[in-house]
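Participant: Provided herewith: model_7.csv, CSV, C-alpha atoms.
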```csv
chain,number,residue,atom,x,y,z
A,388,GLN,CA,14.3,-5.0,-11.9
A,389,VAL,CA,12.4,-4.1,-8.7
A,390,GLN,CA,11.1,-6.6,-6.3
A,391,LEU,CA,8.5,-5.9,-3.6
A,392,VAL,CA,7.9,-8.2,-0.6
A,393,GLU,CA,5.0,-7.6,1.8
A,394,SER,CA,4.8,-8.8,5.4
A,395,GLY,CA,2.8,-8.3,8.5
A,396,GLY,CA,-0.6,-9.7,7.5
A,397,GLY,CA,-2.6,-12.1,9.5
A,398,PRO,CA,-5.8,-12.7,11.4
A,399,VAL,CA,-7.0,-9.9,13.8
A,400,GLN,CA,-10.1,-9.0,15.7
A,401,ALA,CA,-12.4,-6.1,14.9
A,402,GLY,CA,-11.1,-2.9,16.4
A,403,ASP,CA,-7.4,-4.1,16.3
A,404,SER,CA,-4.6,-2.3,14.6
A,405,LEU,CA,-2.1,-3.9,12.2
A,406,LYS,CA,1.0,-2.7,10.4
A,407,LEU,CA,2.0,-4.0,7.0
A,408,SER,CA,5.5,-3.6,5.6
A,409,CYS,CA,6.8,-3.6,2.1
A,410,THR,CA,10.5,-4.0,1.4
A,411,VAL,CA,11.9,-2.8,-1.9
A,412,SER,CA,14.9,-4.5,-3.5
A,413,GLY,CA,16.5,-4.4,-6.9
A,414,ARG,CA,17.5,-1.5,-9.0
A,415,SER,CA,15.4,1.5,-10.1
A,416,THR,CA,16.7,4.3,-12.3
A,417,SER,CA,14.4,6.8,-10.7
A,418,PRO,CA,12.8,7.3,-7.3
A,419,LEU,CA,9.6,5.2,-6.9
A,420,ALA,CA,6.2,6.2,-5.8
A,421,MET,CA,4.7,3.5,-3.6
A,422,GLY,CA,1.3,2.4,-2.7
A,423,TRP,CA,-1.0,-0.2,-1.2
A,424,PHE,CA,-3.9,-1.8,-2.9
A,425,ARG,CA,-6.3,-4.4,-1.6
A,426,GLN,CA,-8.6,-6.9,-3.1
A,427,ALA,CA,-11.4,-8.6,-1.2
A,428,ALA,CA,-12.9,-11.9,-2.5
A,429,GLY,CA,-15.2,-11.3,-5.4
A,430,LYS,CA,-14.3,-7.6,-5.7
A,431,TRP,CA,-12.1,-5.4,-7.8
A,432,ARG,CA,-8.6,-4.4,-6.6
A,433,GLU,CA,-8.8,-0.9,-5.1
A,434,LEU,CA,-6.2,1.7,-4.1
A,435,VAL,CA,-5.8,2.1,-0.4
A,436,CYS,CA,-3.0,4.6,0.1
A,437,SER,CA,0.0,6.0,-1.8
A,438,ILE,CA,3.1,7.9,-1.1
A,439,ALA,CA,5.1,10.0,-3.5
A,440,GLN,CA,8.7,10.0,-4.3
A,441,ASN,CA,10.9,11.6,-1.6
A,442,THR,CA,11.6,14.5,-4.0
A,443,LEU,CA,8.1,15.9,-3.6
A,444,PRO,CA,6.9,18.3,-0.8
A,445,PRO,CA,5.6,16.6,2.3
A,446,THR,CA,2.3,18.4,2.0
A,447,SER,CA,1.5,16.4,-1.2
A,448,ASN,CA,3.3,13.3,-0.2
A,449,THR,CA,0.6,10.9,0.9
A,450,PHE,CA,-2.9,10.0,-0.2
A,451,CYS,CA,-5.4,7.6,1.4
A,452,ALA,CA,-8.8,6.7,0.0
A,453,GLN,CA,-11.7,8.7,1.6
A,454,PHE,CA,-13.7,5.5,2.3
A,455,LEU,CA,-11.0,4.7,5.0
A,456,LYS,CA,-12.1,7.7,7.0
A,457,GLY,CA,-8.6,8.3,8.3
A,458,ARG,CA,-8.1,4.9,9.8
A,459,PHE,CA,-5.0,4.0,7.6
A,460,THR,CA,-1.8,5.9,7.1
A,461,ILE,CA,1.2,5.3,4.9
A,462,ALA,CA,4.8,6.1,5.6
A,463,ARG,CA,8.2,5.2,4.2
A,464,ASP,CA,11.7,4.6,5.7
A,465,SER,CA,14.0,5.4,2.8
A,466,ALA,CA,17.1,4.3,4.6
A,467,LYS,CA,15.5,0.8,4.9
A,468,ASN,CA,13.8,0.8,1.5
A,469,THR,CA,10.6,0.0,3.3
A,470,VAL,CA,7.0,1.4,3.1
A,471,PHE,CA,4.5,0.8,5.8
A,472,LEU,CA,0.7,0.8,6.0
A,473,GLN,CA,-0.6,1.4,9.5
A,474,MET,CA,-4.2,0.3,9.9
A,475,SER,CA,-6.3,1.0,12.9
A,476,SER,CA,-9.9,0.3,13.9
A,477,LEU,CA,-10.1,-2.6,11.6
A,478,ASN,CA,-13.4,-4.1,10.7
A,479,PRO,CA,-14.5,-7.2,8.8
A,480,GLU,CA,-14.9,-5.1,5.6
A,481,ASP,CA,-11.1,-4.6,5.6
A,482,THR,CA,-10.6,-8.3,5.0
A,483,ALA,CA,-8.6,-8.6,1.8
A,484,VAL,CA,-5.3,-9.4,0.2
A,485,TYR,CA,-3.1,-6.3,0.5
A,486,TYR,CA,-0.7,-5.6,-2.3
A,487,CYS,CA,2.3,-3.3,-2.3
A,488,ALA,CA,2.9,-1.5,-5.6
A,489,ALA,CA,5.5,0.8,-7.1
A,490,ASP,CA,6.0,3.0,-10.2
A,491,ARG,CA,8.3,5.7,-11.3
A,492,ASN,CA,5.2,7.6,-12.3
A,493,ARG,CA,2.9,8.2,-9.4
A,494,ASN,CA,0.0,8.9,-11.8
A,495,ASP,CA,0.2,5.4,-13.1
A,496,LEU,CA,0.1,4.0,-9.6
A,497,LEU,CA,-2.9,6.1,-8.7
A,498,ARG,CA,-4.6,4.8,-11.9
A,499,GLY,CA,-4.0,1.3,-10.7
A,500,THR,CA,-1.5,0.4,-13.3
A,501,PRO,CA,1.8,0.4,-11.5
A,502,ASP,CA,4.8,-1.4,-13.0
A,503,TYR,CA,5.6,-3.4,-10.0
A,504,TRP,CA,3.5,-5.5,-7.6
A,505,GLY,CA,4.2,-7.6,-4.5
A,506,GLN,CA,2.8,-11.0,-4.0
A,507,GLY,CA,0.2,-9.8,-1.5
A,508,THR,CA,-0.4,-10.5,2.2
A,509,GLN,CA,-3.7,-11.6,3.6
A,510,VAL,CA,-5.5,-9.6,6.3
A,511,THR,CA,-8.5,-11.2,7.9
A,512,VAL,CA,-10.6,-9.3,10.4
A,513,SER,CA,-13.1,-11.2,12.4
A,514,SER,CA,-16.0,-9.7,14.4
```
Any chance you could give the structure as structure tokens?
Facilitator:
Amino acid sequence: QVQLVESGGGPVQAGDSLKLSCTVSGRSTSPLAMGWFRQAAGKWRELVCSIAQNTLPPTSNTFCAQFLKGRFTIARDSAKNTVFLQMSSLNPEDTAVYYCAADRNRNDLLRGTPDYWGQGTQVTVSS
């Protein structure tokens, strides 16, 4: 069983940066693809960024949604079993609960149906 715990959310001002962390614990039989989703009030949950298992080439390692316009990046520290979401130039439209997710199959994660979810961390951006 795999557990995901997010941290780093909170209230910020428009234009600020914020870094979310997701620590992975438990046992997985295969390397995990990881990702961040978000869900704003009254909206569907959407994929923000994902990062492939360490076994894949770096050039195809990360993906972030185009609507973010390069403001967010994802990275992992395998030694610490942690995945990060670095967010910059935040605006009120980024207000949402941010969820960490994991799956042995990256395609399932990209489709929004990963096996594992964290409990979510709230990010609130005020203008």
Participant: Can you tell me which residues surround stretch 475-489 of chain A at a distance of at most 8 Å, considering all atoms listed in the file, apart from same-chain residues fewer than 4 positions away, and format the answer as a count of residues only?
Facilitator: 37
Participant: With 12 Å as the threshold, what does the neighbourhood of (3.3, -1.0, 10.1) contain in terms of residues, counting all atoms listed in the file? Coordinates are those of the file; answer as an MDAnalysis selection string.
Facilitator: chainID A and resid 393:396 404:410 459:464 469:475
Participant: Of the residues A:Ser412, A:Ala439, A:Lys430, A:Val399, which is the one nearest to A:Asp495, using only C-alpha atoms?
Facilitator: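 Of all the options, A:Ala439 lies closest to A:Asp495.
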Participant: If you measure from atom CA of A:Arg491 to atom CA of A:Ala452, what distance in Å do you get, rounded to one decimal?
Facilitator: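 Computed distance, atom CA of A:Arg491 to atom CA of A:Ala452, equals 20.5 Å.
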Participant: Please provide the set of residues having any atom within 8 Å of A:Ser415, restricted to only C-alpha atoms, with same-chain residues fewer than 3 positions apart removed, written as a list of chain:residue names.
Facilitator: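 After dropping sequence-adjacent residues, the list is A:Gln388, A:Val389, A:Pro418, A:Leu419.
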Participant: For C-alpha atoms, I'd like the residues from the last selection saved as a CSV table (one decimal), keeping the file's coordinate frame.
Facilitator:
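The result, written out as result_1.csv:
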```csv
chain,number,residue,atom,x,y,z
A,388,GLN,CA,14.3,-5.0,-11.9
A,389,VAL,CA,12.4,-4.1,-8.7
A,418,PRO,CA,12.8,7.3,-7.3
A,419,LEU,CA,9.6,5.2,-6.9
```
Participant: Identify which of the residues A:Asn468, A:Asn441, A:Thr449, A:Leu434 lies closest to A:Gly413, counting only C-alpha atoms when measuring atom-to-atom distances.
Facilitator: A:Asn468
Participant: Counting all atoms listed in the file, which of A:Lys456, A:Ser465, A:Asp490, A:Asn448 gets nearest to A:Gln390?
Facilitator: A:Asp490
Participant: Could you state the separation of atom CA of A:Cys451 and atom CA of A:Arg414 in Å, given to one decimal place?
Facilitator: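 One can read the atom CA of A:Cys451 to atom CA of A:Arg414 distance as 26.7 Å.
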Participant: In Å to one decimal, how far is atom CA of A:Ile438 from atom CA of A:Asn492?
Facilitator: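 Pair atom CA of A:Asn492 / atom CA of A:Ile438 returns 11.4 Å.
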Participant: Could you check which of A:Glu433, A:Gln453, A:Lys467, A:Gln440 is closest to A:Gly499, using all atoms listed in the file?
Facilitator: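 For A:Gly499, the nearest of the given residues is A:Glu433.
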Participant: Output stretch 469-490 of chain A from the block with C-alpha atoms, as an mmCIF file, in the first residue's frame?
Facilitator:
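Written file, out06.cif:
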```cif
data_model
loop_
_atom_site.group_PDB
_atom_site.id
_atom_site.type_symbol
_atom_site.label_atom_id
_atom_site.label_comp_id
_atom_site.auth_asym_id
_atom_site.auth_seq_id
_atom_site.Cartn_x
_atom_site.Cartn_y
_atom_site.Cartn_z
ATOM 1 C CA THR A 469 9.305 13.337 -2.322
ATOM 2 C CA VAL A 470 7.763 15.134 -5.279
ATOM 3 C CA PHE A 471 7.562 18.910 -5.451
ATOM 4 C CA LEU A 472 5.328 21.352 -7.253
ATOM 5 C CA GLN A 473 6.924 24.761 -7.610
ATOM 6 C CA MET A 474 4.328 27.412 -8.378
ATOM 7 C CA SER A 475 5.152 30.972 -9.371
ATOM 8 C CA SER A 476 3.250 34.108 -10.389
ATOM 9 C CA LEU A 477 0.199 32.801 -8.592
ATOM 10 C CA ASN A 478 -3.155 34.396 -9.288
ATOM 11 C CA PRO A 479 -6.618 33.971 -7.725
ATOM 12 C CA GLU A 480 -7.576 31.465 -10.446
ATOM 13 C CA ASP A 481 -4.975 29.105 -8.964
ATOM 14 C CA THR A 482 -6.998 28.865 -5.759
ATOM 15 C CA ALA A 483 -7.851 25.207 -5.281
ATOM 16 C CA VAL A 484 -7.216 22.078 -3.303
ATOM 17 C CA TYR A 485 -4.062 20.513 -4.705
ATOM 18 C CA TYR A 486 -3.798 16.735 -4.687
ATOM 19 C CA CYS A 487 -0.771 14.542 -5.092
ATOM 20 C CA ALA A 488 -1.320 11.342 -7.067
ATOM 21 C CA ALA A 489 0.657 8.248 -8.039
ATOM 22 C CA ASP A 490 0.339 5.233 -10.292
#
```
